[in-house]
$ cat coords_2.csv   # CSV, N, CA and C atoms
chain,number,residue,atom,x,y,z
M,202,MET,N,7.9,24.9,-1.6
M,202,MET,CA,7.5,24.1,-2.7
M,202,MET,C,5.9,24.1,-2.7
M,203,ALA,N,5.3,24.7,-3.7
M,203,ALA,CA,3.9,24.8,-3.7
M,203,ALA,C,3.3,23.6,-4.5
M,204,LEU,N,2.1,23.2,-4.2
M,204,LEU,CA,1.4,22.1,-4.9
M,204,LEU,C,1.3,22.4,-6.4
M,205,GLY,N,0.9,23.6,-6.7
M,205,GLY,CA,0.8,24.0,-8.1
M,205,GLY,C,-0.4,23.4,-8.9
M,206,ARG,N,-0.5,23.8,-10.1
M,206,ARG,CA,-1.6,23.3,-10.9
M,206,ARG,C,-1.2,21.9,-11.6
M,207,GLY,N,-2.2,21.1,-11.8
M,207,GLY,CA,-2.0,19.9,-12.5
M,207,GLY,C,-1.4,18.8,-11.7
M,208,LYS,N,-1.3,18.8,-10.4
M,208,LYS,CA,-0.8,17.7,-9.7
M,208,LYS,C,-1.9,16.7,-9.5
M,209,LEU,N,-1.5,15.4,-9.5
M,209,LEU,CA,-2.4,14.3,-9.4
M,209,LEU,C,-2.5,13.8,-8.0
M,210,ILE,N,-3.6,13.1,-7.7
M,210,ILE,CA,-3.8,12.3,-6.5
M,210,ILE,C,-3.5,10.9,-6.9
M,211,ALA,N,-2.6,10.2,-6.2
M,211,ALA,CA,-2.3,8.8,-6.5
M,211,ALA,C,-3.0,8.0,-5.4
M,212,VAL,N,-3.4,6.8,-5.7
M,212,VAL,CA,-4.1,5.9,-4.8
M,212,VAL,C,-3.5,4.5,-4.8
M,213,ILE,N,-3.2,4.0,-3.6
M,213,ILE,CA,-2.8,2.6,-3.4
M,213,ILE,C,-3.8,2.1,-2.4
M,214,GLY,N,-4.6,1.2,-3.0
M,214,GLY,CA,-5.7,0.7,-2.1
M,214,GLY,C,-6.4,-0.6,-2.7
M,215,ASP,N,-7.4,-1.0,-1.9
M,215,ASP,CA,-8.1,-2.2,-2.4
M,215,ASP,C,-9.0,-1.8,-3.5
M,216,GLU,N,-9.7,-2.8,-4.1
M,216,GLU,CA,-10.5,-2.6,-5.3
M,216,GLU,C,-11.6,-1.5,-5.0
M,217,ASP,N,-12.3,-1.6,-3.9
M,217,ASP,CA,-13.3,-0.6,-3.6
M,217,ASP,C,-12.8,0.8,-3.5
M,218,THR,N,-11.7,1.0,-2.8
M,218,THR,CA,-11.1,2.3,-2.6
M,218,THR,C,-10.7,2.9,-4.0
M,219,CYS,N,-10.0,2.1,-4.7
M,219,CYS,CA,-9.5,2.6,-6.0
M,219,CYS,C,-10.7,2.9,-7.0
M,220,THR,N,-11.7,2.0,-7.0
M,220,THR,CA,-12.8,2.2,-7.8
M,220,THR,C,-13.6,3.5,-7.5
M,221,GLY,N,-13.7,3.8,-6.2
M,221,GLY,CA,-14.4,5.0,-5.7
M,221,GLY,C,-13.6,6.2,-6.2
M,222,PHE,N,-12.3,6.2,-6.0
M,222,PHE,CA,-11.5,7.4,-6.4
M,222,PHE,C,-11.5,7.5,-7.9
M,223,LEU,N,-11.4,6.4,-8.6
M,223,LEU,CA,-11.4,6.5,-10.1
M,223,LEU,C,-12.8,7.0,-10.6
M,224,LEU,N,-13.9,6.6,-10.0
M,224,LEU,CA,-15.2,7.1,-10.4
M,224,LEU,C,-15.3,8.6,-10.1
M,225,GLY,N,-14.5,9.0,-9.1
M,225,GLY,CA,-14.5,10.4,-8.7
M,225,GLY,C,-13.6,11.3,-9.7
M,226,GLY,N,-12.9,10.6,-10.6
M,226,GLY,CA,-12.1,11.3,-11.6
M,226,GLY,C,-10.6,11.4,-11.3
M,227,THR,N,-10.1,10.6,-10.4
M,227,THR,CA,-8.7,10.7,-10.1
M,227,THR,C,-7.8,9.9,-11.0
M,228,GLY,N,-8.3,9.0,-11.8
M,228,GLY,CA,-7.5,8.1,-12.7
M,228,GLY,C,-6.8,8.9,-13.8
M,229,GLU,N,-5.6,8.6,-14.0
M,229,GLU,CA,-4.8,9.2,-15.0
M,229,GLU,C,-3.6,8.3,-15.4
M,230,ILE,N,-3.2,8.3,-16.6
M,230,ILE,CA,-2.1,7.6,-17.1
M,230,ILE,C,-1.1,8.7,-17.7
M,231,ASN,N,0.1,8.7,-17.3
M,231,ASN,CA,1.1,9.7,-17.8
M,231,ASN,C,1.6,9.3,-19.2
M,232,LYS,N,2.5,10.2,-19.6
M,232,LYS,CA,3.1,10.0,-21.0
M,232,LYS,C,3.9,8.6,-21.1
M,233,SER,N,4.4,8.2,-20.0
M,233,SER,CA,5.1,6.9,-19.9
M,233,SER,C,4.2,5.7,-19.8
M,234,ARG,N,2.9,6.0,-19.8
M,234,ARG,CA,1.8,4.9,-19.7
M,234,ARG,C,1.8,4.3,-18.3
M,235,GLN,N,2.2,5.1,-17.3
M,235,GLN,CA,2.1,4.7,-15.9
M,235,GLN,C,0.9,5.2,-15.2
M,236,PRO,N,0.0,4.4,-14.6
M,236,PRO,CA,-1.2,4.9,-13.9
M,236,PRO,C,-0.8,5.5,-12.6
M,237,ASN,N,-1.7,6.3,-12.0
M,237,ASN,CA,-1.5,6.9,-10.7
M,237,ASN,C,-2.3,6.2,-9.6
M,238,TYR,N,-2.5,4.9,-9.8
M,238,TYR,CA,-3.2,4.1,-8.8
M,238,TYR,C,-2.6,2.6,-8.9
M,239,LEU,N,-2.8,1.9,-7.8
M,239,LEU,CA,-2.5,0.5,-7.7
M,239,LEU,C,-3.6,-0.2,-6.9
M,240,VAL,N,-4.2,-1.1,-7.6
M,240,VAL,CA,-5.3,-1.9,-6.9
M,240,VAL,C,-4.5,-3.1,-6.3
M,241,VAL,N,-4.6,-3.1,-5.0
M,241,VAL,CA,-3.9,-4.2,-4.2
M,241,VAL,C,-4.9,-5.4,-4.1
M,242,GLU,N,-4.5,-6.5,-4.6
M,242,GLU,CA,-5.3,-7.7,-4.5
M,242,GLU,C,-4.7,-8.7,-3.6
M,243,LYS,N,-5.4,-9.9,-3.4
M,243,LYS,CA,-4.8,-10.9,-2.5
M,243,LYS,C,-3.5,-11.4,-2.9
M,244,ASN,N,-3.2,-11.4,-4.2
M,244,ASN,CA,-1.9,-12.0,-4.6
M,244,ASN,C,-0.9,-10.9,-4.9
M,245,THR,N,-1.1,-9.7,-4.5
M,245,THR,CA,-0.2,-8.6,-4.7
M,245,THR,C,0.9,-8.7,-3.6
M,246,MET,N,2.2,-8.7,-4.1
M,246,MET,CA,3.3,-8.9,-3.2
M,246,MET,C,3.6,-7.6,-2.5
M,247,VAL,N,4.2,-7.7,-1.3
M,247,VAL,CA,4.5,-6.5,-0.5
M,247,VAL,C,5.5,-5.6,-1.3
M,248,ASN,N,6.5,-6.3,-1.9
M,248,ASN,CA,7.5,-5.5,-2.7
M,248,ASN,C,6.9,-4.8,-3.8
M,249,GLU,N,5.8,-5.2,-4.4
M,249,GLU,CA,5.1,-4.5,-5.5
M,249,GLU,C,4.5,-3.2,-4.9
M,250,ILE,N,3.9,-3.3,-3.7
M,250,ILE,CA,3.3,-2.1,-3.0
M,250,ILE,C,4.5,-1.1,-2.7
M,251,ALA,N,5.6,-1.6,-2.2
M,251,ALA,CA,6.7,-0.8,-1.9
M,251,ALA,C,7.3,-0.1,-3.2
M,252,GLU,N,7.4,-0.8,-4.2
M,252,GLU,CA,7.9,-0.3,-5.5
M,252,GLU,C,7.0,0.8,-6.0
M,253,CYS,N,5.7,0.5,-5.9
M,253,CYS,CA,4.7,1.5,-6.4
M,253,CYS,C,4.8,2.8,-5.6
M,254,PHE,N,4.9,2.6,-4.3
M,254,PHE,CA,5.0,3.8,-3.4
M,254,PHE,C,6.2,4.6,-3.8
M,255,GLN,N,7.3,3.9,-4.0
M,255,GLN,CA,8.6,4.6,-4.3
M,255,GLN,C,8.4,5.3,-5.7
M,256,SER,N,7.8,4.7,-6.6
M,256,SER,CA,7.5,5.3,-7.9
M,256,SER,C,6.7,6.5,-7.8
M,257,PHE,N,5.6,6.5,-7.0
M,257,PHE,CA,4.7,7.6,-6.8
M,257,PHE,C,5.5,8.8,-6.1
M,258,THR,N,6.3,8.5,-5.1
M,258,THR,CA,7.0,9.5,-4.4
M,258,THR,C,8.1,10.2,-5.3
M,259,SER,N,8.5,9.5,-6.4
M,259,SER,CA,9.6,10.1,-7.2
M,259,SER,C,9.0,10.8,-8.5
M,260,ARG,N,7.7,10.7,-8.7
M,260,ARG,CA,7.0,11.4,-9.8
M,260,ARG,C,6.7,12.8,-9.5
M,261,ASP,N,7.1,13.7,-10.4
M,261,ASP,CA,6.8,15.1,-10.1
M,261,ASP,C,5.4,15.6,-10.5
M,262,ASP,N,4.6,14.7,-11.0
M,262,ASP,CA,3.2,15.0,-11.4
M,262,ASP,C,2.2,14.6,-10.3
M,263,ILE,N,2.7,14.1,-9.2
M,263,ILE,CA,1.8,13.6,-8.1
M,263,ILE,C,2.0,14.5,-6.9
M,264,GLY,N,0.9,15.0,-6.4
M,264,GLY,CA,0.9,15.9,-5.2
M,264,GLY,C,0.5,15.3,-4.0
M,265,ILE,N,-0.4,14.2,-4.0
M,265,ILE,CA,-0.9,13.6,-2.9
M,265,ILE,C,-0.9,12.1,-3.1
M,266,ILE,N,-0.5,11.3,-2.2
M,266,ILE,CA,-0.6,9.8,-2.3
M,266,ILE,C,-1.6,9.4,-1.2
M,267,LEU,N,-2.7,8.8,-1.5
M,267,LEU,CA,-3.6,8.2,-0.6
M,267,LEU,C,-3.3,6.7,-0.5
M,268,ILE,N,-3.2,6.1,0.7
M,268,ILE,CA,-2.9,4.7,0.8
M,268,ILE,C,-3.7,4.1,1.9
M,269,ASN,N,-4.4,3.0,1.7
M,269,ASN,CA,-5.1,2.3,2.7
M,269,ASN,C,-4.2,2.0,3.8
M,270,GLN,N,-4.6,2.3,5.1
M,270,GLN,CA,-3.7,2.1,6.2
M,270,GLN,C,-3.2,0.6,6.3
M,271,VAL,N,-4.0,-0.3,6.0
M,271,VAL,CA,-3.6,-1.7,6.0
M,271,VAL,C,-2.4,-2.0,5.1
M,272,TYR,N,-2.3,-1.3,4.0
M,272,TYR,CA,-1.2,-1.5,3.1
M,272,TYR,C,0.0,-0.6,3.5
M,273,ALA,N,-0.3,0.5,4.1
M,273,ALA,CA,0.8,1.4,4.7
M,273,ALA,C,1.5,0.6,5.8
M,274,ASP,N,0.8,-0.2,6.6
M,274,ASP,CA,1.4,-1.0,7.6
M,274,ASP,C,2.4,-2.0,7.0
M,275,MET,N,2.0,-2.5,5.8
M,275,MET,CA,2.9,-3.5,5.2
M,275,MET,C,4.2,-2.9,4.7
M,276,ILE,N,4.2,-1.6,4.4
M,276,ILE,CA,5.4,-0.9,4.0
M,276,ILE,C,5.8,0.2,4.9
M,277,ARG,N,5.5,0.0,6.2
M,277,ARG,CA,5.7,1.1,7.2
M,277,ARG,C,7.1,1.6,7.1
M,278,TYR,N,8.1,0.7,6.9
M,278,TYR,CA,9.5,1.1,6.9
M,278,TYR,C,9.7,2.2,5.7
M,279,LYS,N,9.1,2.0,4.6
M,279,LYS,CA,9.2,3.0,3.5
M,279,LYS,C,8.5,4.3,3.9
M,280,ILE,N,7.4,4.2,4.4
M,280,ILE,CA,6.6,5.4,4.8
M,280,ILE,C,7.4,6.2,5.9
M,281,ASP,N,7.9,5.5,6.9
M,281,ASP,CA,8.7,6.2,7.9
M,281,ASP,C,9.9,6.8,7.4
M,282,GLN,N,10.5,6.3,6.3
M,282,GLN,CA,11.7,6.8,5.8
M,282,GLN,C,11.4,8.1,4.9
M,283,TYR,N,10.2,8.2,4.4
M,283,TYR,CA,9.8,9.2,3.5
M,283,TYR,C,9.6,10.5,4.3
M,284,THR,N,10.4,11.6,3.9
M,284,THR,CA,10.3,12.8,4.7
M,284,THR,C,10.0,14.1,3.9
M,285,LYS,N,9.8,13.9,2.6
M,285,LYS,CA,9.5,15.1,1.7
M,285,LYS,C,8.1,15.6,2.0
M,286,PRO,N,7.9,16.9,1.8
M,286,PRO,CA,6.5,17.4,2.0
M,286,PRO,C,5.6,17.1,0.8
M,287,LEU,N,6.2,16.9,-0.4
M,287,LEU,CA,5.4,16.6,-1.6
M,287,LEU,C,6.0,15.4,-2.3
M,288,PRO,N,5.3,14.5,-2.8
M,288,PRO,CA,3.8,14.4,-2.5
M,288,PRO,C,3.5,14.1,-1.1
M,289,ALA,N,2.4,14.6,-0.6
M,289,ALA,CA,2.0,14.3,0.8
M,289,ALA,C,1.4,12.9,0.8
M,290,VAL,N,1.6,12.2,1.9
M,290,VAL,CA,1.1,10.9,2.1
M,290,VAL,C,0.1,10.9,3.1
M,291,LEU,N,-1.1,10.4,2.8
M,291,LEU,CA,-2.2,10.3,3.7
M,291,LEU,C,-2.7,8.9,3.8
M,292,GLU,N,-2.8,8.4,5.0
M,292,GLU,CA,-3.3,7.0,5.2
M,292,GLU,C,-4.8,7.1,5.4
M,293,ILE,N,-5.5,6.3,4.7
M,293,ILE,CA,-7.0,6.3,4.8
M,293,ILE,C,-7.5,4.9,5.2
M,294,PRO,N,-8.8,4.8,5.7
M,294,PRO,CA,-9.3,3.5,6.0
M,294,PRO,C,-9.8,2.8,4.8
M,295,SER,N,-10.0,1.5,4.9
M,295,SER,CA,-10.6,0.7,3.9
M,295,SER,C,-12.0,0.2,4.4
M,296,LYS,N,-12.7,-0.4,3.5
M,296,LYS,CA,-14.0,-1.0,3.9
M,296,LYS,C,-13.9,-2.0,5.0
M,297,ASP,N,-12.8,-2.8,5.0
M,297,ASP,CA,-12.7,-3.9,5.9
M,297,ASP,C,-11.7,-3.6,7.1
M,298,HIS,N,-11.0,-2.5,7.0
M,298,HIS,CA,-10.0,-2.1,8.0
M,298,HIS,C,-10.2,-0.7,8.4
M,299,PRO,N,-10.7,-0.4,9.7
M,299,PRO,CA,-10.9,1.0,10.1
M,299,PRO,C,-9.6,1.7,10.3
M,300,TYR,N,-9.7,3.0,10.3
M,300,TYR,CA,-8.5,3.8,10.5
M,300,TYR,C,-8.1,3.8,12.0
M,301,ASP,N,-6.8,3.6,12.2
M,301,ASP,CA,-6.2,3.6,13.6
M,301,ASP,C,-5.2,4.7,13.7
M,302,PRO,N,-5.5,5.8,14.4
M,302,PRO,CA,-4.6,6.9,14.4
M,302,PRO,C,-3.3,6.6,15.1
M,303,SER,N,-3.2,5.6,15.9
M,303,SER,CA,-2.0,5.2,16.6
M,303,SER,C,-1.0,4.6,15.7
M,304,LYS,N,-1.4,4.1,14.5
M,304,LYS,CA,-0.5,3.5,13.5
M,304,LYS,C,0.0,4.5,12.5
M,305,ASP,N,-0.7,5.7,12.4
M,305,ASP,CA,-0.4,6.7,11.3
M,305,ASP,C,0.9,7.5,11.7
M,306,SER,N,2.0,7.2,11.0
M,306,SER,CA,3.3,7.8,11.3
M,306,SER,C,3.3,9.3,10.9
M,307,ILE,N,2.5,9.7,9.9
M,307,ILE,CA,2.5,11.1,9.6
M,307,ILE,C,1.7,11.9,10.7
M,308,LEU,N,0.7,11.3,11.2
M,308,LEU,CA,-0.1,11.9,12.3
M,308,LEU,C,0.8,12.0,13.6
M,309,ARG,N,1.6,11.0,13.9
M,309,ARG,CA,2.5,11.0,15.0
M,309,ARG,C,3.5,12.1,14.8
M,310,LEU,N,4.0,12.2,13.6
M,310,LEU,CA,5.0,13.3,13.3
M,310,LEU,C,4.4,14.7,13.6
M,311,ALA,N,3.2,14.9,13.1
M,311,ALA,CA,2.5,16.2,13.2
M,311,ALA,C,2.3,16.5,14.7
M,312,LYS,N,1.9,15.5,15.5
M,312,LYS,CA,1.6,15.7,16.9
M,312,LYS,C,2.9,16.1,17.6
M,313,GLY,N,4.0,15.6,17.2
M,313,GLY,CA,5.3,15.9,17.8
M,313,GLY,C,5.7,17.3,17.5
M,314,MET,N,5.1,17.9,16.5
M,314,MET,CA,5.6,19.3,16.2
M,314,MET,C,4.9,20.4,17.0
M,315,PHE,N,3.9,20.0,17.7
M,315,PHE,CA,3.1,21.0,18.5
M,315,PHE,C,3.0,20.6,19.9
M,316,SER,N,2.9,21.5,20.8
M,316,SER,CA,2.5,21.2,22.2
M,316,SER,C,1.2,21.9,22.6
M,317,VAL,N,0.7,21.6,23.7
M,317,VAL,CA,-0.6,22.2,24.2
M,317,VAL,C,-0.4,23.7,24.3
M,318,ASP,N,0.7,24.1,24.7
M,318,ASP,CA,1.0,25.6,24.9
M,318,ASP,C,0.9,26.4,23.6
M,319,ASP,N,1.1,25.7,22.4
M,319,ASP,CA,1.0,26.4,21.2
M,319,ASP,C,-0.4,26.8,20.8
M,320,PHE,N,-1.4,26.3,21.5
M,320,PHE,CA,-2.8,26.6,21.2
M,320,PHE,C,-3.5,27.4,22.2
M,321,ARG,N,-2.7,28.0,23.2
M,321,ARG,CA,-3.3,28.8,24.2
M,321,ARG,C,-3.2,30.2,23.8
$ encode --input "coords_2.csv" --output "structure tokens"
Amino acid sequence: MALGRGKLIAVIGDEDTCTGFLLGGTGEINKSRQPNYLVVEKNTMVNEIAECFQSFTSRDDIGIILINQVYADMIRYKIDQYTKPLPAVLEIPSKDHPYDPSKDSILRLAKGMFSVDDFR
């Protein structure tokens, strides 16, 4: 399954993260008027984040989902259940929460695929 042309980057993050990516040109609204980003605020419910993640993983126009690790932790059960190669899910740091590789389930999965002997 190739990434192909025209695939979008989706973002689930705080206001600063989403603003940065939107200013970089990632913002898009599809024909159904669904954006490819979710700005998570203080009053955003965990089920809203989970529903948005589920929506992004089911869209065929999205190739990569970027999610702040702090919000990925809130829906870790959904991220751990997700096994498809596309859209790829990448956990990123936020301004207030640094990246912790020990919490990244995708990184743990990748580490389990290789041994030290594979690189000799």
$ residues_around --input "coords_2.csv" --residues "Arg277 in chain M" --least-positions-apart "4" --cutoff "12 Å" --atoms "only C-alpha atoms" --output "MDAnalysis selection string"
chainID M and resid 247 250:251 254 268:273 281:283 290 292 304:307
$ atom_distance --input "coords_2.csv" --atom1 "CA of Pro286 in chain M" --atom2 "atom N of Val212 in chain M"
16.4 Å
$ closest_residue --input "coords_2.csv" --among "M:Asp262, M:Gly226, M:Leu267, M:Met246" --to "Ile213 in chain M" --atoms "only C-alpha atoms"
M:Leu267
$ select_by_dssp --input "coords_2.csv" --residues "chain M" --states "alpha helix (DSSP H)" --output "PDB file with N, CA and C atoms, keeping the file's coordinate frame"
ATOM      1  N   GLU M 216      -9.700  -2.800  -4.100  1.00  0.00           N
ATOM      2  CA  GLU M 216     -10.500  -2.600  -5.300  1.00  0.00           C
ATOM      3  C   GLU M 216     -11.600  -1.500  -5.000  1.00  0.00           C
ATOM      4  N   ASP M 217     -12.300  -1.600  -3.900  1.00  0.00           N
ATOM      5  CA  ASP M 217     -13.300  -0.600  -3.600  1.00  0.00           C
ATOM      6  C   ASP M 217     -12.800   0.800  -3.500  1.00  0.00           C
ATOM      7  N   THR M 218     -11.700   1.000  -2.800  1.00  0.00           N
ATOM      8  CA  THR M 218     -11.100   2.300  -2.600  1.00  0.00           C
ATOM      9  C   THR M 218     -10.700   2.900  -4.000  1.00  0.00           C
ATOM     10  N   CYS M 219     -10.000   2.100  -4.700  1.00  0.00           N
ATOM     11  CA  CYS M 219      -9.500   2.600  -6.000  1.00  0.00           C
ATOM     12  C   CYS M 219     -10.700   2.900  -7.000  1.00  0.00           C
ATOM     13  N   THR M 220     -11.700   2.000  -7.000  1.00  0.00           N
ATOM     14  CA  THR M 220     -12.800   2.200  -7.800  1.00  0.00           C
ATOM     15  C   THR M 220     -13.600   3.500  -7.500  1.00  0.00           C
ATOM     16  N   GLY M 221     -13.700   3.800  -6.200  1.00  0.00           N
ATOM     17  CA  GLY M 221     -14.400   5.000  -5.700  1.00  0.00           C
ATOM     18  C   GLY M 221     -13.600   6.200  -6.200  1.00  0.00           C
ATOM     19  N   PHE M 222     -12.300   6.200  -6.000  1.00  0.00           N
ATOM     20  CA  PHE M 222     -11.500   7.400  -6.400  1.00  0.00           C
ATOM     21  C   PHE M 222     -11.500   7.500  -7.900  1.00  0.00           C
ATOM     22  N   LEU M 223     -11.400   6.400  -8.600  1.00  0.00           N
ATOM     23  CA  LEU M 223     -11.400   6.500 -10.100  1.00  0.00           C
ATOM     24  C   LEU M 223     -12.800   7.000 -10.600  1.00  0.00           C
ATOM     25  N   LEU M 224     -13.900   6.600 -10.000  1.00  0.00           N
ATOM     26  CA  LEU M 224     -15.200   7.100 -10.400  1.00  0.00           C
ATOM     27  C   LEU M 224     -15.300   8.600 -10.100  1.00  0.00           C
ATOM     28  N   VAL M 247       4.200  -7.700  -1.300  1.00  0.00           N
ATOM     29  CA  VAL M 247       4.500  -6.500  -0.500  1.00  0.00           C
ATOM     30  C   VAL M 247       5.500  -5.600  -1.300  1.00  0.00           C
ATOM     31  N   ASN M 248       6.500  -6.300  -1.900  1.00  0.00           N
ATOM     32  CA  ASN M 248       7.500  -5.500  -2.700  1.00  0.00           C
ATOM     33  C   ASN M 248       6.900  -4.800  -3.800  1.00  0.00           C
ATOM     34  N   GLU M 249       5.800  -5.200  -4.400  1.00  0.00           N
ATOM     35  CA  GLU M 249       5.100  -4.500  -5.500  1.00  0.00           C
ATOM     36  C   GLU M 249       4.500  -3.200  -4.900  1.00  0.00           C
ATOM     37  N   ILE M 250       3.900  -3.300  -3.700  1.00  0.00           N
ATOM     38  CA  ILE M 250       3.300  -2.100  -3.000  1.00  0.00           C
ATOM     39  C   ILE M 250       4.500  -1.100  -2.700  1.00  0.00           C
ATOM     40  N   ALA M 251       5.600  -1.600  -2.200  1.00  0.00           N
ATOM     41  CA  ALA M 251       6.700  -0.800  -1.900  1.00  0.00           C
ATOM     42  C   ALA M 251       7.300  -0.100  -3.200  1.00  0.00           C
ATOM     43  N   GLU M 252       7.400  -0.800  -4.200  1.00  0.00           N
ATOM     44  CA  GLU M 252       7.900  -0.300  -5.500  1.00  0.00           C
ATOM     45  C   GLU M 252       7.000   0.800  -6.000  1.00  0.00           C
ATOM     46  N   CYS M 253       5.700   0.500  -5.900  1.00  0.00           N
ATOM     47  CA  CYS M 253       4.700   1.500  -6.400  1.00  0.00           C
ATOM     48  C   CYS M 253       4.800   2.800  -5.600  1.00  0.00           C
ATOM     49  N   PHE M 254       4.900   2.600  -4.300  1.00  0.00           N
ATOM     50  CA  PHE M 254       5.000   3.800  -3.400  1.00  0.00           C
ATOM     51  C   PHE M 254       6.200   4.600  -3.800  1.00  0.00           C
ATOM     52  N   GLN M 255       7.300   3.900  -4.000  1.00  0.00           N
ATOM     53  CA  GLN M 255       8.600   4.600  -4.300  1.00  0.00           C
ATOM     54  C   GLN M 255       8.400   5.300  -5.700  1.00  0.00           C
ATOM     55  N   SER M 256       7.800   4.700  -6.600  1.00  0.00           N
ATOM     56  CA  SER M 256       7.500   5.300  -7.900  1.00  0.00           C
ATOM     57  C   SER M 256       6.700   6.500  -7.800  1.00  0.00           C
ATOM     58  N   PHE M 257       5.600   6.500  -7.000  1.00  0.00           N
ATOM     59  CA  PHE M 257       4.700   7.600  -6.800  1.00  0.00           C
ATOM     60  C   PHE M 257       5.500   8.800  -6.100  1.00  0.00           C
ATOM     61  N   THR M 258       6.300   8.500  -5.100  1.00  0.00           N
ATOM     62  CA  THR M 258       7.000   9.500  -4.400  1.00  0.00           C
ATOM     63  C   THR M 258       8.100  10.200  -5.300  1.00  0.00           C
ATOM     64  N   SER M 259       8.500   9.500  -6.400  1.00  0.00           N
ATOM     65  CA  SER M 259       9.600  10.100  -7.200  1.00  0.00           C
ATOM     66  C   SER M 259       9.000  10.800  -8.500  1.00  0.00           C
ATOM     67  N   GLN M 270      -4.600   2.300   5.100  1.00  0.00           N
ATOM     68  CA  GLN M 270      -3.700   2.100   6.200  1.00  0.00           C
ATOM     69  C   GLN M 270      -3.200   0.600   6.300  1.00  0.00           C
ATOM     70  N   VAL M 271      -4.000  -0.300   6.000  1.00  0.00           N
ATOM     71  CA  VAL M 271      -3.600  -1.700   6.000  1.00  0.00           C
ATOM     72  C   VAL M 271      -2.400  -2.000   5.100  1.00  0.00           C
ATOM     73  N   TYR M 272      -2.300  -1.300   4.000  1.00  0.00           N
ATOM     74  CA  TYR M 272      -1.200  -1.500   3.100  1.00  0.00           C
ATOM     75  C   TYR M 272       0.000  -0.600   3.500  1.00  0.00           C
ATOM     76  N   ALA M 273      -0.300   0.500   4.100  1.00  0.00           N
ATOM     77  CA  ALA M 273       0.800   1.400   4.700  1.00  0.00           C
ATOM     78  C   ALA M 273       1.500   0.600   5.800  1.00  0.00           C
ATOM     79  N   ASP M 274       0.800  -0.200   6.600  1.00  0.00           N
ATOM     80  CA  ASP M 274       1.400  -1.000   7.600  1.00  0.00           C
ATOM     81  C   ASP M 274       2.400  -2.000   7.000  1.00  0.00           C
ATOM     82  N   MET M 275       2.000  -2.500   5.800  1.00  0.00           N
ATOM     83  CA  MET M 275       2.900  -3.500   5.200  1.00  0.00           C
ATOM     84  C   MET M 275       4.200  -2.900   4.700  1.00  0.00           C
ATOM     85  N   ARG M 277       5.500   0.000   6.200  1.00  0.00           N
ATOM     86  CA  ARG M 277       5.700   1.100   7.200  1.00  0.00           C
ATOM     87  C   ARG M 277       7.100   1.600   7.100  1.00  0.00           C
ATOM     88  N   TYR M 278       8.100   0.700   6.900  1.00  0.00           N
ATOM     89  CA  TYR M 278       9.500   1.100   6.900  1.00  0.00           C
ATOM     90  C   TYR M 278       9.700   2.200   5.700  1.00  0.00           C
ATOM     91  N   LYS M 279       9.100   2.000   4.600  1.00  0.00           N
ATOM     92  CA  LYS M 279       9.200   3.000   3.500  1.00  0.00           C
ATOM     93  C   LYS M 279       8.500   4.300   3.900  1.00  0.00           C
ATOM     94  N   ILE M 280       7.400   4.200   4.400  1.00  0.00           N
ATOM     95  CA  ILE M 280       6.600   5.400   4.800  1.00  0.00           C
ATOM     96  C   ILE M 280       7.400   6.200   5.900  1.00  0.00           C
ATOM     97  N   ASP M 281       7.900   5.500   6.900  1.00  0.00           N
ATOM     98  CA  ASP M 281       8.700   6.200   7.900  1.00  0.00           C
ATOM     99  C   ASP M 281       9.900   6.800   7.400  1.00  0.00           C
ATOM    100  N   GLN M 282      10.500   6.300   6.300  1.00  0.00           N
ATOM    101  CA  GLN M 282      11.700   6.800   5.800  1.00  0.00           C
ATOM    102  C   GLN M 282      11.400   8.100   4.900  1.00  0.00           C
ATOM    103  N   SER M 306       2.000   7.200  11.000  1.00  0.00           N
ATOM    104  CA  SER M 306       3.300   7.800  11.300  1.00  0.00           C
ATOM    105  C   SER M 306       3.300   9.300  10.900  1.00  0.00           C
ATOM    106  N   ILE M 307       2.500   9.700   9.900  1.00  0.00           N
ATOM    107  CA  ILE M 307       2.500  11.100   9.600  1.00  0.00           C
ATOM    108  C   ILE M 307       1.700  11.900  10.700  1.00  0.00           C
ATOM    109  N   LEU M 308       0.700  11.300  11.200  1.00  0.00           N
ATOM    110  CA  LEU M 308      -0.100  11.900  12.300  1.00  0.00           C
ATOM    111  C   LEU M 308       0.800  12.000  13.600  1.00  0.00           C
ATOM    112  N   ARG M 309       1.600  11.000  13.900  1.00  0.00           N
ATOM    113  CA  ARG M 309       2.500  11.000  15.000  1.00  0.00           C
ATOM    114  C   ARG M 309       3.500  12.100  14.800  1.00  0.00           C
ATOM    115  N   LEU M 310       4.000  12.200  13.600  1.00  0.00           N
ATOM    116  CA  LEU M 310       5.000  13.300  13.300  1.00  0.00           C
ATOM    117  C   LEU M 310       4.400  14.700  13.600  1.00  0.00           C
ATOM    118  N   ALA M 311       3.200  14.900  13.100  1.00  0.00           N
ATOM    119  CA  ALA M 311       2.500  16.200  13.200  1.00  0.00           C
ATOM    120  C   ALA M 311       2.300  16.500  14.700  1.00  0.00           C
ATOM    121  N   LYS M 312       1.900  15.500  15.500  1.00  0.00           N
ATOM    122  CA  LYS M 312       1.600  15.700  16.900  1.00  0.00           C
ATOM    123  C   LYS M 312       2.900  16.100  17.600  1.00  0.00           C
ATOM    124  N   GLY M 313       4.000  15.600  17.200  1.00  0.00           N
ATOM    125  CA  GLY M 313       5.300  15.900  17.800  1.00  0.00           C
ATOM    126  C   GLY M 313       5.700  17.300  17.500  1.00  0.00           C
ATOM    127  N   MET M 314       5.100  17.900  16.500  1.00  0.00           N
ATOM    128  CA  MET M 314       5.600  19.300  16.200  1.00  0.00           C
ATOM    129  C   MET M 314       4.900  20.400  17.000  1.00  0.00           C
TER     130      MET M 314
END
$ atom_distance --input "coords_2.csv" --atom1 "CA of Asn231 in chain M" --atom2 "atom N of Asn248 in chain M"
23.2 Å
$ select_by_dssp --input "coords_2.csv" --residues "chain M" --states "strand (DSSP E)" --output "ChimeraX atom specification"
/M:209-214,238-240,263-269,289-293
$ atom_distance --input "coords_2.csv" --atom1 "CA of Ser295 in chain M" --atom2 "CA of Gly207 in chain M"
26.7 Å
$ closest_residue --input "coords_2.csv" --among "M:Lys279, M:Ser233, M:Leu209, M:Gly214" --to "Asp261 in chain M" --atoms "only N, CA and C atoms"
M:Leu209
